[in-house]
Protein chains: 10
Amino acid sequence: MTRDEITQQIIAARLAKGLTWQQLADAVDRPVVWTTAALLGQHPIPPEIGTVLAALLDLDDAAVNVLAAVPMRGGFDAAVPTDPTVYRFYEALSVYGGAIKEIIHEQFGDGIMSAINFSVNVEKKPHPGGDRVVVTLDGKFLSYEWNQATE
Amino acid sequence: MTRDEITQQIIAARLAKGLTWQQLADAVDRPVVWTTAALLGQHPIPPEIGTVLAALLDLDDAAVNVLAAVPMRGGFDAAVPTDPTVYRFYEALSVYGGAIKEIIHEQFGDGIMSAINFSVNVEKKPHPGGDRVVVTLDGKFLSYEWNQATE
Amino acid sequence: MTRDEITQQIIAARLAKGLTWQQLADAVDRPVVWTTAALLGQHPIPPEIGTVLAALLDLDDAAVNVLAAVPMRGGFDAAVPTDPTVYRFYEALSVYGGAIKEIIHEQFGDGIMSAINFSVNVEKKPHPGGDRVVVTLDGKFLSYEWNQATE
Amino acid sequence: MTRDEITQQIIAARLAKGLTWQQLADAVDRPVVWTTAALLGQHPIPPEIGTVLAALLDLDDAAVNVLAAVPMRGGFDAAVPTDPTVYRFYEALSVYGGAIKEIIHEQFGDGIMSAINFSVNVEKKPHPGGDRVVVTLDGKFLSYEWNQATE
Amino acid sequence: MTRDEITQQIIAARLAKGLTWQQLADAVDRPVVWTTAALLGQHPIPPEIGTVLAALLDLDDAAVNVLAAVPMRGGFDAAVPTDPTVYRFYEALSVYGGAIKEIIHEQFGDGIMSAINFSVNVEKKPHPGGDRVVVTLDGKFLSYEWNQATE
Amino acid sequence: MTRDEITQQIIAARLAKGLTWQQLADAVDRPVVWTTAALLGQHPIPPEIGTVLAALLDLDDAAVNVLAAVPMRGGFDAAVPTDPTVYRFYEALSVYGGAIKEIIHEQFGDGIMSAINFSVNVEKKPHPGGDRVVVTLDGKFLSYEWNQATE
Amino acid sequence: MTRDEITQQIIAARLAKGLTWQQLADAVDRPVVWTTAALLGQHPIPPEIGTVLAALLDLDDAAVNVLAAVPMRGGFDAAVPTDPTVYRFYEALSVYGGAIKEIIHEQFGDGIMSAINFSVNVEKKPHPGGDRVVVTLDGKFLSYEWNQATE
Amino acid sequence: MTRDEITQQIIAARLAKGLTWQQLADAVDRPVVWTTAALLGQHPIPPEIGTVLAALLDLDDAAVNVLAAVPMRGGFDAAVPTDPTVYRFYEALSVYGGAIKEIIHEQFGDGIMSAINFSVNVEKKPHPGGDRVVVTLDGKFLSYEWNQATE
Amino acid sequence: MTRDEITQQIIAARLAKGLTWQQLADAVDRPVVWTTAALLGQHPIPPEIGTVLAALLDLDDAAVNVLAAVPMRGGFDAAVPTDPTVYRFYEALSVYGGAIKEIIHEQFGDGIMSAINFSVNVEKKPHPGGDRVVVTLDGKFLSYEWNQATE
Amino acid sequence: MTRDEITQQIIAARLAKGLTWQQLADAVDRPVVWTTAALLGQHPIPPEIGTVLAALLDLDDAAVNVLAAVPMRGGFDAAVPTDPTVYRFYEALSVYGGAIKEIIHEQFGDGIMSAINFSVNVEKKPHPGGDRVVVTLDGKFLSYEWNQATE
């Protein structure tokens, strides 16, 4: 039983049981984006949380150990995503990526936004011209530093 | 004089004159991410704004017309960006893209976040563990609709 | 039971039963291109429609829930399609894509044709030199606008 | 002087002179999409038309011969276009390509829409929800036939 | 039962029964290259022919319907074929493709050789230096024409 | 002066002087496909022929030596050609390549059609349905043989 | 039973039985590189040899017919091999390929080393600095010749 | 003056002066494949040898320092070489690479043929069926060993 | 039973039994990186070690022979790894690879760090700013030498 | 004057002046790998250091500003490096990357080695079997943490 096989089971079971991602997140009291990403195979799931989710989704007990292991991350089949909902984020990066880089350097100096010490939030917000999807990427700034271990 | 050549001149002139992207944005009273993206070749620049920027950056007058035309957008040389500051956004999409898609569908139904009716904001925010880069992607929700022109 | 597996079953069942795509579309009173795309895995199918189609095609009841979920869209195995009937559209885009972009900008300003608020029609039309395939792509114009959610 | 170099000159000259693609098309009495595609390097331009266009755009006389030769067609730098306005057509093909293929075969039998005996039209059409871009692809149906030359 | 699965069965059955492609073609009175391409999954096979071939190759009756449907064509796993016998044709195109294009335009004007109204023949011909493989590609010339459907 | 630069000069000079490929081939009494391929950079051109062609096309004398050297062959910029006239040959290989391989093995045994001891011919032939492009690929059969040098 | 499946069985059976490639080659009195390549799916195996090998490796009788058919050759999963032992040959070609081409042309004229009328030998040879792997590639020189079939 | 520019000058100068690679190798008393590879930019050339070659080829004195530096090696523009003379070696690796790997392991154990402690030889050898190109790849066997530096 | 299948079994069994890689390495008294790489399919495992590991992980006895064979190495599914933990090493190579090459040549002369006579060590080391991952790559220097086997 | 052009000037000037990377690093009292990477275009160079280096290498004064800007990092032309000295590191990652990931997770938990808070060291160390290249990658461990900015 590999992590990929368990992910397939989770996807099927969620639909069969009519559970929302939010309900699954609430059941384990974790943020919904984190929970969804984890259930889609992108994060290890601590055993105490995995046990609850496995019960809700009727997964085999042996799945809990596999869910708890750090997975091989990375969710694209191809270098460029083809699903339109996902592609728009890739396109935004293609159009604004250079500008975001310049602004980060101007505001913070040389470095990056961490994608590890990081969270994502998705919100529905009103606008006279129609509801808006607001996605917040929030990562620690890491400055380029040339450090070495001390002994 | 192609748009690409003008973009190279802008990059060189900004460094030579010691101007920040924020100063350029303030001079034309536009958001800094928009201004930076536009100066990097990703948006047409209206002539009245282009004239101000061309003066600040000592561009040739003929550049104003070219800056005003809609460019071929898309700023990557390769399908996967190699610069670490840019790559982290690609990686975040690789890890969280599937979850973001699911949450958008759960909150809004079938559709996408527009990358056209859209804005990006980059902010520096405090945190006890160190300053954070907060990037907000804010796009109109577009639901999948099967419409046809009326005559 | 994944969406891909159901798509394979649909393709096989349609041939075995000798049903046309038009007959399937008529049975649910939806446009034939939309119905075909949906049955090929590119759109969610509302349960009341999915139930009818599942019955016509002898699909398992559990398929209705899976058909109702928003799928991962994108129908190519490769970046460039190899089937000649499909490739001609890719070729037309390769030859006329630049011109279409210029004309859209000249007629509408900066923006895009939406592929979400969008419909496709395929018609057989006469011509002295032989019947013609007329494919109409009809999408809402979306202008580039820098908007933000209001609170 | 290669065709690519002439295409660059045409793009620059059009902007410098403030000519629209429609004006150029009207000057030679040809459809605007054809004229634009041809000026962007995708079609040979007959000398009598090339002479008019070269005069309007101040091209060198020697350009007329080069414009009259059949070019190496194909306007993408990459297999997948990155400009958002162009990409939407690629995406529409990715989502609807399979369905279009099935409908063509159901309506016409085995064969293709020609991209050679072919025309494209771009129109702005009204809709209560906002103007629409309507792109019509109109190609002769070619049925798969196993023929051989006669002597 | 997909077309790919049937193709695998055909390949295995032909070897097990020791039938030549020529024998199969003769049994249905069609050209051998067409028959082989069709059995390898590249053409629909009309039911009256499919019935004969299915009987010869002990295929399931249900295969006849699937064989009769227009398949997704395109026989390479990779963009560049690796089998030496197939690669030589790709290489010939790489070395002579530009010349063939020029000669077609010089002899016929702007247009293409159709790969749809088309036949292929493979012959063994003598030569003092050793037998030669003579492959004849024979397609209708299609000139670039800007036509539109009439109503 | 590289071979690529000379090829560009040849292409420009031929158009400027209004010479056909056939006229160039006739001037040196070689087949037209060979001559065209050679002038497009795919074959070395013996000095006595190169001298005649250089004179006809006003090339620099130093070009003759470069034309006489064996070039790096291979005329595609990309693995898959995008020009429609060239692409049709690639497509024919994609659809019929597997069948051609099988027929070669059935008629000749294990081996290949040489693309080195090889010629190509392009002919215009009549047909009631319209003129046809007939391209003949004619290569020596080479059987797979496990031989070793003798000393 | 496809050739690929038989190849997998051969690989497993050889290890289970503890047979060396040399023993298998000796059993059929063929060169060891040829035998190994053939058993790995790169050559047809004549029935009289296939029968012996199938017996040694406990293959199904039906395998003999499949082994006797000309396979789709080409043993890489990717365009660039990743296994270090195989990669070194690719690297040697990357570094010395241009030089080998020049020397072949200088010694033989325009043409190639055949990879069809060809043999490979691998030998272990002594050297004061350590044993050496000596791989000899031995192919017939084929000169570029423009020949045509005679009738 | 980069190494690539010097390589282009070498290629042009050799043809202009009518020097063979063998003559250049003899002038510096080094093997011809090594000398050719080095002149094509794949090896550093010691100053005392570089001085002789620069004089023979009329290179600028400053070239000697650049030739003496270790270059970025790797001579392909694409992952798969397109020139037929070079491609045959790639094809041989594709067909025989797996077998060569197995034989190296059977004869030597786990390890590789070094491509660094390595030489290549190209010879013309007779055969009743025609001259043969014999290319010998001769590299030190390196066994996989898990060693660490000592202090 | 292929090596890939055994690797999947090892991954599952280790998680099910709650064994650490360090425990497995200690059980066979080998370095932990070597042991982990070997169990992940990158090294042959000598039978005496394989027997111990197979017992610990409840593998089938027949696995020991397969584990002892030299595998096809190379652990990426794609040319560029997508898992963030693995990608950082690729990124470090992208940023520092050129510099490492220059320093190796400056300190050692022309040559490479062997990846065959080689070891890797991973250590956790303290630092006031947080623990550090210290990965030591330790390979024998191999100088470019043009040697040949002696007879 | 772009950063890439300055990098080319640095490479040429260093060879012309016979300066080592170590001498350049010593002149500015920075680690040699950092200095080399920065001069090869991978790091911004603070103006006080850039002034010293520009003087040593006779760069134009205007280069100092450009060197001080954060560059687009990423030093490969291709996804997979072809230079053998660089490739060995890629190969080591291909063979050991999976194991390194597992060990990092076993020793530190879920997270990565930072490539930003990071240093690289290259050393020459003795060994009875020959000198060894020891490359130490030393990065801060970053654990996956789901944090958000505080306001």
# chains A, B, ... in the order shown; residues from 1 in each chain; ligands from 1

$ interface_residues --of "chain E" --to "chain F" --cutoff "8 Å" --atoms "only C-alpha atoms" --output "number ranges by chain"
E: 20-21, 32-34, 36-37, 40, 42, 73-76, 79-80, 84-86, 88-104, 106-108, 111-115, 120, 122, 124, 130-141

$ select_by_dssp --residues "region 11-141 of chain A" --states "helix (DSSP H, G or I)" --output "number ranges by chain"
A: 11-17, 21-28, 32-39, 47-56, 63-68, 84-108

$ atom_distance --atom1 "CA of Arg14 (chain E)" --atom2 "CA of Ala63 (chain G)"
13.2 Å

$ atom_distance --atom1 "CA of Ala16 (chain J)" --atom2 "CA of Lys17 (chain H)"
27.5 Å

$ select_by_dssp --residues "region 22-125 of chain F" --states "strand (DSSP E or B)" --output "count of residues only"
15

$ atom_distance --atom1 "CA of Leu19 (chain D)" --atom2 "CA of Ala68 (chain B)"
13.6 Å
